[in-house]
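Q: mmCIF, C-alpha atoms, saved as work-v3.cif, coming up:
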```cif
data_work
loop_
_atom_site.label_atom_id
_atom_site.label_comp_id
_atom_site.auth_asym_id
_atom_site.auth_seq_id
_atom_site.Cartn_x
_atom_site.Cartn_y
_atom_site.Cartn_z
CA MET A 1 -34.88 54.42 79.54
CA THR A 2 -36.98 52.02 77.50
CA THR A 3 -35.25 48.74 76.68
CA TYR A 4 -36.37 47.31 73.34
CA ASN A 5 -36.49 43.56 72.71
CA PHE A 6 -35.14 42.88 69.24
CA ASP A 7 -35.06 39.15 69.99
CA GLU A 8 -38.86 39.01 69.86
CA VAL A 9 -40.07 36.81 66.99
CA ILE A 10 -43.20 38.26 65.38
CA ASP A 11 -45.25 36.15 62.96
CA ARG A 12 -45.60 38.25 59.81
CA ARG A 13 -46.82 35.59 57.40
CA LYS A 14 -50.47 36.66 57.77
CA SER A 15 -49.86 40.42 57.72
CA ASP A 16 -49.71 40.98 53.93
CA SER A 17 -45.93 41.30 54.22
CA ILE A 18 -44.11 41.22 50.90
CA LYS A 19 -40.99 40.01 52.67
CA TRP A 20 -42.72 36.97 54.15
CA ALA A 21 -44.69 36.00 51.03
CA THR A 22 -42.04 33.40 50.28
CA GLY A 23 -44.40 31.06 48.47
CA LEU A 24 -45.17 33.78 45.94
CA VAL A 25 -41.63 35.18 45.71
CA PHE A 26 -39.48 32.05 46.01
CA GLY A 27 -41.90 29.20 45.40
CA SER A 28 -41.44 27.87 48.91
CA GLU A 29 -43.59 28.62 51.94
CA GLU A 30 -40.84 27.28 54.19
CA ALA A 31 -37.99 29.48 53.02
CA ILE A 32 -36.64 31.91 55.62
CA PRO A 33 -36.90 35.39 54.06
CA LEU A 34 -33.70 37.40 54.39
CA TRP A 35 -34.05 39.50 51.30
CA VAL A 36 -35.96 42.80 50.85
CA ALA A 37 -34.74 45.72 53.03
CA ASP A 38 -37.51 45.40 55.62
CA MET A 39 -36.73 44.70 59.28
CA ASP A 40 -38.54 42.13 61.43
CA PHE A 41 -38.58 44.43 64.47
CA ARG A 42 -41.42 46.47 65.92
CA ALA A 43 -41.16 50.18 65.23
CA PRO A 44 -40.36 52.49 68.16
CA GLN A 45 -43.20 52.47 70.67
CA PRO A 46 -43.77 56.26 70.45
CA VAL A 47 -44.47 55.85 66.72
CA ILE A 48 -46.94 53.04 67.34
CA ASP A 49 -48.67 55.04 70.07
CA ALA A 50 -48.94 58.19 67.93
CA ILE A 51 -50.48 56.29 65.01
CA VAL A 52 -52.98 54.51 67.27
CA ARG A 53 -54.06 57.82 68.81
CA ARG A 54 -54.50 59.38 65.38
CA ALA A 55 -56.43 56.39 64.06
CA LYS A 56 -58.90 56.60 66.93
CA GLN A 57 -60.09 59.94 65.60
CA GLY A 58 -61.69 57.92 62.85
CA ILE A 59 -61.40 60.58 60.15
CA PHE A 60 -58.79 60.09 57.45
CA GLY A 61 -59.22 63.07 55.18
CA TYR A 62 -56.64 64.96 53.16
CA ALA A 63 -53.57 65.86 55.21
CA LEU A 64 -51.32 68.88 55.36
CA ARG A 65 -47.60 68.61 55.98
CA SER A 66 -47.17 71.48 58.38
CA GLY A 67 -44.06 73.33 59.49
CA SER A 68 -43.41 70.69 62.15
CA PHE A 69 -42.75 68.20 59.34
CA GLN A 70 -39.88 70.25 57.94
CA GLN A 71 -38.62 71.16 61.40
CA SER A 72 -38.35 67.53 62.46
CA ILE A 73 -36.18 66.86 59.41
CA ILE A 74 -34.03 69.92 60.08
CA ASP A 75 -33.51 68.90 63.71
CA TRP A 76 -32.68 65.29 62.83
CA TRP A 77 -30.03 66.07 60.23
CA SER A 78 -28.45 68.66 62.49
CA ARG A 79 -28.37 66.31 65.46
CA ARG A 80 -27.33 63.07 63.75
CA HIS A 81 -25.27 64.31 60.81
CA GLY A 82 -24.14 67.86 61.60
CA TRP A 83 -25.81 69.36 58.53
CA ALA A 84 -27.63 72.68 58.87
CA ILE A 85 -30.65 72.64 56.56
CA ASP A 86 -32.88 75.56 55.66
CA ARG A 87 -36.62 74.95 55.86
CA SER A 88 -37.10 76.06 52.25
CA TRP A 89 -34.85 73.25 51.01
CA VAL A 90 -37.19 70.46 52.16
CA VAL A 91 -39.62 69.03 49.61
CA SER A 92 -41.90 66.18 50.68
CA ASN A 93 -42.57 63.31 48.28
CA ASN A 94 -43.92 59.78 48.16
CA GLY A 95 -40.87 57.53 48.27
CA VAL A 96 -37.17 57.76 47.49
CA VAL A 97 -37.41 55.62 44.35
CA PRO A 98 -40.27 57.71 42.89
CA ALA A 99 -38.27 60.81 43.81
CA LEU A 100 -35.29 59.47 41.88
CA GLY A 101 -37.64 59.09 38.94
CA LEU A 102 -38.72 62.70 39.38
CA ALA A 103 -35.06 63.74 39.39
CA VAL A 104 -34.48 61.90 36.12
CA LEU A 105 -37.46 63.68 34.57
CA ALA A 106 -36.53 67.08 36.04
CA PHE A 107 -32.84 67.18 35.19
CA THR A 108 -32.50 65.18 31.97
CA ASN A 109 -34.16 64.91 28.58
CA PRO A 110 -35.01 61.79 26.57
CA GLY A 111 -31.80 60.32 25.20
CA ASP A 112 -29.62 61.88 27.90
CA ARG A 113 -27.37 59.64 29.97
CA VAL A 114 -27.39 58.91 33.69
CA ILE A 115 -24.38 57.52 35.54
CA ILE A 116 -24.86 54.77 38.13
CA GLN A 117 -22.34 52.69 40.07
CA PRO A 118 -23.18 48.97 39.98
CA PRO A 119 -23.61 46.59 41.58
CA VAL A 120 -26.37 48.83 42.88
CA TYR A 121 -30.00 48.87 44.03
CA PRO A 122 -31.96 47.42 41.06
CA PRO A 123 -34.61 50.19 40.69
CA PHE A 124 -31.83 52.57 39.63
CA PHE A 125 -31.74 50.80 36.27
CA GLY A 126 -35.48 50.97 35.70
CA ILE A 127 -36.01 54.62 36.57
CA VAL A 128 -33.45 55.55 33.92
CA LYS A 129 -34.38 53.21 31.08
CA GLU A 130 -38.14 53.29 31.60
CA ASN A 131 -38.08 57.09 31.31
CA GLY A 132 -36.33 57.05 27.95
CA ARG A 133 -32.84 57.87 29.22
CA GLN A 134 -29.64 55.87 28.76
CA LEU A 135 -27.43 54.27 31.38
CA LEU A 136 -23.74 54.99 31.78
CA GLU A 137 -22.29 52.42 34.16
CA ASN A 138 -19.32 53.25 36.37
CA PRO A 139 -18.84 49.90 38.11
CA LEU A 140 -17.32 49.72 41.55
CA LYS A 141 -14.11 47.74 41.85
CA ILE A 142 -12.59 45.66 44.63
CA GLU A 143 -9.25 46.75 46.10
CA ASN A 144 -7.71 45.01 49.09
CA GLY A 145 -10.96 43.18 49.82
CA ARG A 146 -13.06 46.36 49.78
CA PHE A 147 -15.35 47.98 47.22
CA VAL A 148 -14.18 51.38 45.99
CA MET A 149 -15.15 53.81 43.24
CA ASP A 150 -13.28 53.67 39.93
CA PHE A 151 -12.55 57.37 39.53
CA GLU A 152 -10.55 57.01 36.32
CA ASP A 153 -13.52 55.32 34.68
CA LEU A 154 -15.90 57.90 36.19
CA GLU A 155 -13.84 60.72 34.67
CA ARG A 156 -14.12 59.09 31.25
CA LYS A 157 -17.88 58.54 31.59
CA ALA A 158 -18.43 62.11 32.83
CA GLN A 159 -16.85 63.47 29.64
CA ASP A 160 -19.76 62.05 27.64
CA GLN A 161 -21.56 65.09 26.21
CA ARG A 162 -24.97 63.60 27.03
CA ALA A 163 -24.18 62.75 30.66
CA ARG A 164 -26.44 64.96 32.78
CA LEU A 165 -27.05 63.17 36.08
CA LEU A 166 -25.24 60.84 38.49
CA ILE A 167 -27.24 58.75 40.95
CA LEU A 168 -25.17 58.19 44.08
CA CYS A 169 -26.05 55.48 46.59
CA SER A 170 -24.75 56.63 49.98
CA PRO A 171 -24.37 54.45 52.01
CA HIS A 172 -24.14 52.02 49.16
CA ASN A 173 -26.67 49.25 48.69
CA PRO A 174 -25.73 46.38 48.36
CA VAL A 175 -21.98 46.54 49.10
CA GLY A 176 -22.42 48.49 52.36
CA ARG A 177 -19.78 51.15 51.81
CA VAL A 178 -20.01 54.37 53.79
CA TRP A 179 -18.19 56.77 51.49
CA GLN A 180 -15.37 58.78 53.04
CA GLU A 181 -14.92 62.50 52.61
CA ASP A 182 -12.08 62.22 50.12
CA GLU A 183 -14.15 59.84 47.96
CA LEU A 184 -17.18 62.11 47.98
CA ARG A 185 -15.13 65.21 47.24
CA ARG A 186 -13.40 63.55 44.30
CA LEU A 187 -16.70 62.34 42.87
CA GLY A 188 -18.22 65.76 43.45
CA GLN A 189 -15.37 67.56 41.72
CA ILE A 190 -15.73 65.38 38.64
CA CYS A 191 -19.43 66.22 38.53
CA LEU A 192 -18.71 69.93 39.01
CA ASN A 193 -16.13 69.87 36.22
CA HIS A 194 -18.60 68.34 33.77
CA ASN A 195 -21.86 70.04 34.84
CA ILE A 196 -23.41 66.83 36.11
CA ILE A 197 -26.14 66.97 38.77
CA ILE A 198 -25.96 64.51 41.68
CA ALA A 199 -29.08 62.75 42.92
CA SER A 200 -27.93 61.22 46.19
CA ASP A 201 -29.98 58.37 47.66
CA GLU A 202 -29.18 58.61 51.38
CA ILE A 203 -32.03 56.51 52.78
CA HIS A 204 -29.64 54.29 54.77
CA CYS A 205 -27.75 57.27 56.25
CA ASP A 206 -28.71 56.54 59.88
CA LEU A 207 -27.61 52.89 59.76
CA VAL A 208 -23.84 53.26 60.08
CA PHE A 209 -21.45 51.21 62.22
CA ALA A 210 -18.12 51.35 64.04
CA ASP A 211 -15.84 54.26 63.20
CA ASN A 212 -17.73 55.20 60.05
CA ARG A 213 -19.66 58.45 59.68
CA HIS A 214 -22.25 59.33 57.09
CA LEU A 215 -21.43 62.56 55.26
CA PRO A 216 -24.15 64.14 53.11
CA VAL A 217 -22.37 65.01 49.89
CA ALA A 218 -24.27 68.31 49.71
CA SER A 219 -22.87 69.33 53.10
CA LEU A 220 -19.24 69.28 51.97
CA SER A 221 -19.19 72.64 50.16
CA PRO A 222 -21.51 75.35 48.82
CA GLU A 223 -20.50 74.32 45.31
CA LEU A 224 -21.59 70.72 45.85
CA ALA A 225 -24.80 71.86 47.53
CA LYS A 226 -25.71 73.73 44.32
CA ILE A 227 -25.59 70.57 42.18
CA THR A 228 -26.97 68.00 44.65
CA VAL A 229 -30.46 66.71 45.35
CA THR A 230 -30.43 64.63 48.55
CA LEU A 231 -33.19 62.03 48.90
CA SER A 232 -33.94 60.37 52.21
CA ALA A 233 -36.58 59.07 54.62
CA PRO A 234 -36.92 57.63 58.12
CA THR A 235 -38.48 54.49 56.69
CA LYS A 236 -35.44 52.20 56.63
CA THR A 237 -34.13 53.63 59.90
CA PHE A 238 -37.28 52.99 61.93
CA ASN A 239 -38.89 50.14 59.94
CA ILE A 240 -41.88 52.20 58.77
CA ALA A 241 -41.54 51.75 55.00
CA GLY A 242 -45.25 50.97 54.64
CA LEU A 243 -46.10 54.48 55.86
CA VAL A 244 -44.43 56.07 52.79
CA ALA A 245 -42.76 59.15 54.24
CA SER A 246 -39.85 60.63 52.31
CA TYR A 247 -38.41 63.97 51.26
CA ALA A 248 -35.83 65.72 49.15
CA ILE A 249 -33.34 68.29 50.43
CA ILE A 250 -32.49 70.70 47.58
CA PRO A 251 -30.44 73.81 48.53
CA ASP A 252 -30.33 75.29 45.02
CA GLN A 253 -33.54 77.12 44.12
CA ASN A 254 -33.25 76.42 40.40
CA LEU A 255 -32.95 72.66 40.97
CA ARG A 256 -35.69 72.83 43.59
CA ASP A 257 -38.07 74.62 41.24
CA ARG A 258 -37.43 72.08 38.48
CA PHE A 259 -37.98 69.18 40.86
CA CYS A 260 -41.16 70.70 42.31
CA ALA A 261 -42.50 71.32 38.81
CA GLN A 262 -42.33 67.58 38.18
CA VAL A 263 -44.06 66.87 41.48
CA GLU A 264 -46.88 69.21 40.55
CA SER A 265 -47.18 68.05 36.94
CA LEU A 266 -47.78 64.50 38.13
CA HIS A 267 -50.00 65.60 41.05
CA LEU A 268 -47.80 63.86 43.61
CA SER A 269 -47.91 66.46 46.36
CA SER A 270 -50.63 64.83 48.49
CA SER A 271 -49.69 63.43 51.90
CA ASN A 272 -50.30 60.25 53.83
CA ILE A 273 -51.45 61.30 57.30
CA PHE A 274 -49.77 58.35 58.99
CA GLY A 275 -46.56 58.80 57.00
CA ALA A 276 -46.07 62.40 58.07
CA LEU A 277 -46.97 61.56 61.67
CA GLY A 278 -44.61 58.58 61.66
CA LEU A 279 -41.75 60.69 60.33
CA GLU A 280 -42.21 63.45 62.89
CA THR A 281 -42.60 61.06 65.82
CA ALA A 282 -39.70 58.84 64.81
CA TYR A 283 -37.33 61.77 64.40
CA ALA A 284 -38.49 63.36 67.67
CA CYS A 285 -38.76 60.26 69.87
CA GLY A 286 -37.01 57.35 68.12
CA GLU A 287 -33.34 58.01 68.81
CA GLU A 288 -33.17 55.74 71.87
CA TRP A 289 -34.67 52.89 69.82
CA LEU A 290 -32.20 53.51 66.97
CA ASP A 291 -29.17 53.49 69.24
CA GLN A 292 -30.24 50.13 70.67
CA LEU A 293 -30.99 48.82 67.18
CA LEU A 294 -27.49 49.63 65.95
CA VAL A 295 -25.97 47.66 68.84
CA TYR A 296 -28.20 44.69 68.02
CA LEU A 297 -27.44 44.83 64.30
CA LYS A 298 -23.72 44.94 65.06
CA GLY A 299 -24.17 41.73 67.03
CA ASN A 300 -25.89 40.12 64.05
CA LEU A 301 -23.10 41.25 61.74
CA ASP A 302 -20.51 39.84 64.15
CA LEU A 303 -22.38 36.53 64.07
CA VAL A 304 -22.50 36.45 60.28
CA GLU A 305 -18.85 37.34 59.87
CA SER A 306 -17.58 34.78 62.36
CA PHE A 307 -19.98 32.04 61.20
CA PHE A 308 -18.88 32.20 57.57
CA LYS A 309 -15.21 32.50 58.45
CA GLU A 310 -15.25 29.52 60.78
CA ARG A 311 -17.90 27.26 59.28
CA ILE A 312 -18.54 28.18 55.62
CA PRO A 313 -15.26 29.72 54.40
CA ARG A 314 -16.09 29.01 50.74
CA ILE A 315 -18.57 31.90 50.89
CA LYS A 316 -16.96 35.34 51.24
CA VAL A 317 -18.56 38.06 53.36
CA TYR A 318 -18.27 41.78 52.61
CA ARG A 319 -19.14 43.22 55.97
CA PRO A 320 -21.12 46.46 55.57
CA GLU A 321 -19.92 49.73 57.07
CA GLY A 322 -23.53 50.88 56.80
CA THR A 323 -26.98 49.35 56.09
CA TYR A 324 -28.16 46.00 57.49
CA LEU A 325 -27.48 44.29 54.16
CA VAL A 326 -24.57 41.91 53.61
CA TRP A 327 -23.09 41.25 50.16
CA LEU A 328 -22.10 37.59 49.94
CA ASP A 329 -19.78 36.10 47.31
CA PHE A 330 -20.90 32.56 46.42
CA THR A 331 -18.55 32.13 43.46
CA GLY A 332 -16.49 29.66 45.49
CA LEU A 333 -19.33 27.16 45.15
CA GLU A 334 -18.89 27.21 41.35
CA LEU A 335 -22.61 27.17 40.57
CA SER A 336 -24.38 28.77 37.62
CA PRO A 337 -26.82 31.56 38.49
CA ALA A 338 -29.80 29.23 38.08
CA GLU A 339 -28.11 26.52 40.14
CA LEU A 340 -27.28 28.98 42.92
CA LYS A 341 -30.86 30.24 43.19
CA LYS A 342 -32.20 26.70 43.28
CA PHE A 343 -29.60 25.61 45.84
CA LEU A 344 -30.43 28.44 48.22
CA VAL A 345 -34.20 27.91 48.13
CA LYS A 346 -34.43 24.12 47.77
CA ASN A 347 -31.34 22.94 49.65
CA ALA A 348 -30.80 25.68 52.23
CA GLY A 349 -34.39 26.86 52.60
CA LEU A 350 -33.44 30.55 52.28
CA GLY A 351 -34.82 33.50 50.36
CA LEU A 352 -32.03 35.99 49.55
CA ASN A 353 -31.72 38.72 46.93
CA ASP A 354 -30.05 37.37 43.81
CA GLY A 355 -27.07 39.47 42.75
CA ILE A 356 -27.76 39.62 39.02
CA PRO A 357 -30.46 42.37 39.16
CA PHE A 358 -27.86 44.60 40.89
CA GLY A 359 -26.00 44.79 37.59
CA SER A 360 -22.31 44.49 36.74
CA GLY A 361 -20.46 42.52 39.37
CA GLY A 362 -23.61 40.91 40.75
CA GLU A 363 -23.37 37.45 39.21
CA GLY A 364 -22.45 34.85 41.82
CA PHE A 365 -23.42 37.18 44.67
CA GLN A 366 -26.45 37.28 46.97
CA ARG A 367 -27.67 39.99 49.35
CA LEU A 368 -28.48 38.95 52.92
CA ASN A 369 -30.70 41.04 55.23
CA VAL A 370 -29.60 40.62 58.88
CA ALA A 371 -32.32 42.83 60.39
CA CYS A 372 -34.18 40.01 62.11
CA PRO A 373 -34.16 38.32 65.54
CA ARG A 374 -30.85 36.55 66.12
CA SER A 375 -32.54 33.18 66.56
CA ILE A 376 -33.89 33.39 62.99
CA LEU A 377 -30.52 34.47 61.64
CA GLN A 378 -28.77 31.65 63.51
CA GLN A 379 -31.23 29.11 62.09
CA ALA A 380 -30.70 30.45 58.57
CA LEU A 381 -26.92 30.24 58.86
CA GLU A 382 -27.09 26.67 60.17
CA GLN A 383 -29.39 25.65 57.32
CA LEU A 384 -26.94 27.13 54.82
CA GLU A 385 -23.99 25.39 56.48
CA LYS A 386 -25.79 22.06 56.37
CA ALA A 387 -26.70 22.50 52.72
CA VAL A 388 -23.14 23.44 51.72
CA LYS A 389 -21.57 20.56 53.59
CA SER A 390 -24.04 18.00 52.25
CA THR A 391 -23.75 19.21 48.64
CA PHE A 392 -20.08 20.06 48.11
#
```
Output the structure of this file as structure tokens.
A:
Amino acid sequence: MTTYNFDEVIDRRKSDSIKWATGLVFGSEEAIPLWVADMDFRAPQPVIDAIVRRAKQGIFGYALRSGSFQQSIIDWWSRRHGWAIDRSWVVSNNGVVPALGLAVLAFTNPGDRVIIQPPVYPPFFGIVKENGRQLLENPLKIENGRFVMDFEDLERKAQDQRARLLILCSPHNPVGRVWQEDELRRLGQICLNHNIIIASDEIHCDLVFADNRHLPVASLSPELAKITVTLSAPTKTFNIAGLVASYAIIPDQNLRDRFCAQVESLHLSSSNIFGALGLETAYACGEEWLDQLLVYLKGNLDLVESFFKERIPRIKVYRPEGTYLVWLDFTGLELSPAELKKFLVKNAGLGLNDGIPFGSGGEGFQRLNVACPRSILQQALEQLEKAVKSTF
């Protein structure tokens, strides 16, 4: 067994890392970056080794995604999530967000409406509006200290005659919910009743904690499989986002043909040789690394939860059931949005994701990325504690 050291601190400031370009992003070179969903851990060693071997060939021509690409995806979803996938369902693409854009183009027309569930990953807004479609927001609500779907509101929104597509975030970013079977079935039934297609972003599906289990919505029934396009990648799971390796799983041939037509019309079917290799190697050889990662991330979440409860109780933590992203409620500090952003960067020396771009329910919130060595996380929490206690 290989033991991975997630405590290792790796200097990323000179590696063209977006995450660590804090001077450009936050106006402070000293800010600790805990924002974009990018981990500060080395990828699994088998992935690194495979890419180095391939690079030594020295030829980087056009690549083919062979049958082993699809098979690695089939094996992974069967092993980790109990979903039997047919090879023909798998369609490679160049990123989950671009694939969501393809889904919008494939399954809606200009002026049609797309349902999203804010506060949610900010690109969801852009891929709808920038493609000439309209947003229908079905905001999440908080019940008993936990984010849940508002099904009564969803039923009303689904009755809109121009509603054609629902973009599901599962697990949900940023609130960290891992949707339960009854929630997914109820959402799915509403979509079935109103002929609404589901584009399900499941990129965080492997990052699930405690007694929670990720359920692909398309796996719940043949009827739901016929209206669902599942979008995923190993990139968040194994910290290989820069390799750009993603795919769609589309059981229904009609939906698959429409999606593939968009891929071809935009000439987006070419492959990145390192992306395909990274995907296959990670899914074949990365499970040991992932299991150790989940234990380490749980420890970081335990630290965050206890630290805020004991030392900064004015800030509320919504502990995620999945993802390594923590949704923090700063409304107890009674700061305006501009004041909160300034306070975090200037006073606390932290770079977090501001909640406002996540849409309804985001004001006064910040998203914290805990996928970093514990020493960095501890330092960040102590800086925040000091800033709160010296300011309020």
Q: Given the file shown, enumerate the residues that the PyMOL selection byres ((chain A and resi 119-133) around 10) captures and present them as a ChimeraX atom specification.
A: /A:97-105,108-118,134-141,162,167-169,172-175,355-363,365
Q: Can you tell me how far atom CA of A:Ala21 sits from atom CA of A:Asn353, in Å to one decimal?
A: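 Those two atoms sit 13.9 Å apart.
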Q: Got a sec: who's within 6 Å of stretch 366-381 of chain A, counting all atoms listed in the file, leaving out chain neighbours fewer than 5 positions off, as a ChimeraX atom specification?
A: /A:6-7,34-35,39-40,324-328,352-355
Q: I'd like the contact shell of A:Gly23 - 12 Å cut-off, all atoms listed in the file, skipping same-chain residues fewer than 4 positions apart - returned as an MDAnalysis selection string.
A: chainID A and resid 13 17:19 27:33 345 349:351
Q: Considering all atoms listed in the file, can you say which of A:Leu192, A:Val90, A:Leu266, A:Met1 comes closest to A:Ala248?
A: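 The closest residue to A:Ala248 is A:Val90.
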Q: Could you state the separation of atom CA of A:Arg185 and atom CA of A:Pro222 in Å, given to one decimal place?
A: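 Between these atoms lies a distance of 12.1 Å.
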Q: Taking a cut-off of 8 Å and counting all atoms listed in the file, can you build a table that, for each residue of stretch 204-307 of chain A near stretch 59-66 of chain A, reports the nearest atom pair and how far apart they are in Å (one decimal), sorted by chain then residue number, as a tab-separated table?
A:
```
residue	atom	partner	partner_atom	distance
A:Ser270	CA	A:Ala63	CA	7.4
A:Ser271	CA	A:Ala63	CA	5.6
A:Asn272	CA	A:Ala63	CA	6.6
A:Ile273	CA	A:Ala63	CA	5.4
A:Ala276	CA	A:Arg65	CA	6.7
```
Q: With distances taken over all atoms listed in the file, which of A:Glu202, A:Asp329, A:Asp160, A:Glu264 is nearest to A:Thr237?
A: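 So, comparing all the options, the nearest one is A:Glu202.
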Q: Record the distance separating atom CA of A:Leu335 and atom CA of A:Gly176, expressed in Å with one decimal.
A: 24.4 Å
Q: What would stretch 83-103 of chain A look like with N, CA and C atoms in place, written as a PDB file, in the frame of the given file?
A:
```pdb
ATOM      1  N   TRP A  83     -25.516  68.585  59.733  1.00  0.00           N
ATOM      2  CA  TRP A  83     -25.810  69.360  58.530  1.00  0.00           C
ATOM      3  C   TRP A  83     -26.917  70.350  58.824  1.00  0.00           C
ATOM      4  N   ALA A  84     -26.641  71.624  58.640  1.00  0.00           N
ATOM      5  CA  ALA A  84     -27.630  72.680  58.870  1.00  0.00           C
ATOM      6  C   ALA A  84     -28.456  72.874  57.599  1.00  0.00           C
ATOM      7  N   ILE A  85     -29.737  72.586  57.699  1.00  0.00           N
ATOM      8  CA  ILE A  85     -30.650  72.640  56.560  1.00  0.00           C
ATOM      9  C   ILE A  85     -31.621  73.800  56.726  1.00  0.00           C
ATOM     10  N   ASP A  86     -31.872  74.501  55.636  1.00  0.00           N
ATOM     11  CA  ASP A  86     -32.880  75.560  55.660  1.00  0.00           C
ATOM     12  C   ASP A  86     -34.251  74.955  55.366  1.00  0.00           C
ATOM     13  N   ARG A  87     -35.265  75.482  56.019  1.00  0.00           N
ATOM     14  CA  ARG A  87     -36.620  74.950  55.860  1.00  0.00           C
ATOM     15  C   ARG A  87     -37.055  74.931  54.386  1.00  0.00           C
ATOM     16  N   SER A  88     -36.657  75.950  53.643  1.00  0.00           N
ATOM     17  CA  SER A  88     -37.100  76.060  52.250  1.00  0.00           C
ATOM     18  C   SER A  88     -36.532  74.961  51.361  1.00  0.00           C
ATOM     19  N   TRP A  89     -35.476  74.290  51.824  1.00  0.00           N
ATOM     20  CA  TRP A  89     -34.850  73.250  51.010  1.00  0.00           C
ATOM     21  C   TRP A  89     -35.640  71.949  50.994  1.00  0.00           C
ATOM     22  N   VAL A  90     -36.531  71.761  51.960  1.00  0.00           N
ATOM     23  CA  VAL A  90     -37.190  70.460  52.160  1.00  0.00           C
ATOM     24  C   VAL A  90     -38.434  70.351  51.289  1.00  0.00           C
ATOM     25  N   VAL A  91     -38.482  69.294  50.494  1.00  0.00           N
ATOM     26  CA  VAL A  91     -39.620  69.030  49.610  1.00  0.00           C
ATOM     27  C   VAL A  91     -40.128  67.620  49.916  1.00  0.00           C
ATOM     28  N   SER A  92     -41.361  67.502  50.372  1.00  0.00           N
ATOM     29  CA  SER A  92     -41.900  66.180  50.680  1.00  0.00           C
ATOM     30  C   SER A  92     -42.256  65.451  49.391  1.00  0.00           C
ATOM     31  N   ASN A  93     -42.178  64.126  49.442  1.00  0.00           N
ATOM     32  CA  ASN A  93     -42.570  63.310  48.280  1.00  0.00           C
ATOM     33  C   ASN A  93     -43.008  61.933  48.767  1.00  0.00           C
ATOM     34  N   ASN A  94     -43.304  61.070  47.826  1.00  0.00           N
ATOM     35  CA  ASN A  94     -43.920  59.780  48.160  1.00  0.00           C
ATOM     36  C   ASN A  94     -42.999  58.605  47.877  1.00  0.00           C
ATOM     37  N   GLY A  95     -41.798  58.642  48.419  1.00  0.00           N
ATOM     38  CA  GLY A  95     -40.870  57.530  48.270  1.00  0.00           C
ATOM     39  C   GLY A  95     -39.585  57.953  47.597  1.00  0.00           C
ATOM     40  N   VAL A  96     -38.473  57.394  48.053  1.00  0.00           N
ATOM     41  CA  VAL A  96     -37.170  57.760  47.490  1.00  0.00           C
ATOM     42  C   VAL A  96     -37.045  57.297  46.040  1.00  0.00           C
ATOM     43  N   VAL A  97     -37.505  56.092  45.735  1.00  0.00           N
ATOM     44  CA  VAL A  97     -37.410  55.620  44.350  1.00  0.00           C
ATOM     45  C   VAL A  97     -38.260  56.488  43.408  1.00  0.00           C
ATOM     46  N   PRO A  98     -39.533  56.776  43.744  1.00  0.00           N
ATOM     47  CA  PRO A  98     -40.270  57.710  42.890  1.00  0.00           C
ATOM     48  C   PRO A  98     -39.586  59.071  42.783  1.00  0.00           C
ATOM     49  N   ALA A  99     -38.960  59.532  43.865  1.00  0.00           N
ATOM     50  CA  ALA A  99     -38.270  60.810  43.810  1.00  0.00           C
ATOM     51  C   ALA A  99     -37.055  60.762  42.888  1.00  0.00           C
ATOM     52  N   LEU A 100     -36.378  59.622  42.840  1.00  0.00           N
ATOM     53  CA  LEU A 100     -35.290  59.470  41.880  1.00  0.00           C
ATOM     54  C   LEU A 100     -35.832  59.553  40.451  1.00  0.00           C
ATOM     55  N   GLY A 101     -37.006  58.958  40.243  1.00  0.00           N
ATOM     56  CA  GLY A 101     -37.640  59.090  38.940  1.00  0.00           C
ATOM     57  C   GLY A 101     -37.966  60.522  38.604  1.00  0.00           C
ATOM     58  N   LEU A 102     -38.441  61.276  39.587  1.00  0.00           N
ATOM     59  CA  LEU A 102     -38.720  62.700  39.380  1.00  0.00           C
ATOM     60  C   LEU A 102     -37.444  63.460  39.036  1.00  0.00           C
ATOM     61  N   ALA A 103     -36.337  63.091  39.681  1.00  0.00           N
ATOM     62  CA  ALA A 103     -35.060  63.740  39.390  1.00  0.00           C
ATOM     63  C   ALA A 103     -34.623  63.465  37.949  1.00  0.00           C
TER      64      ALA A 103
END
```
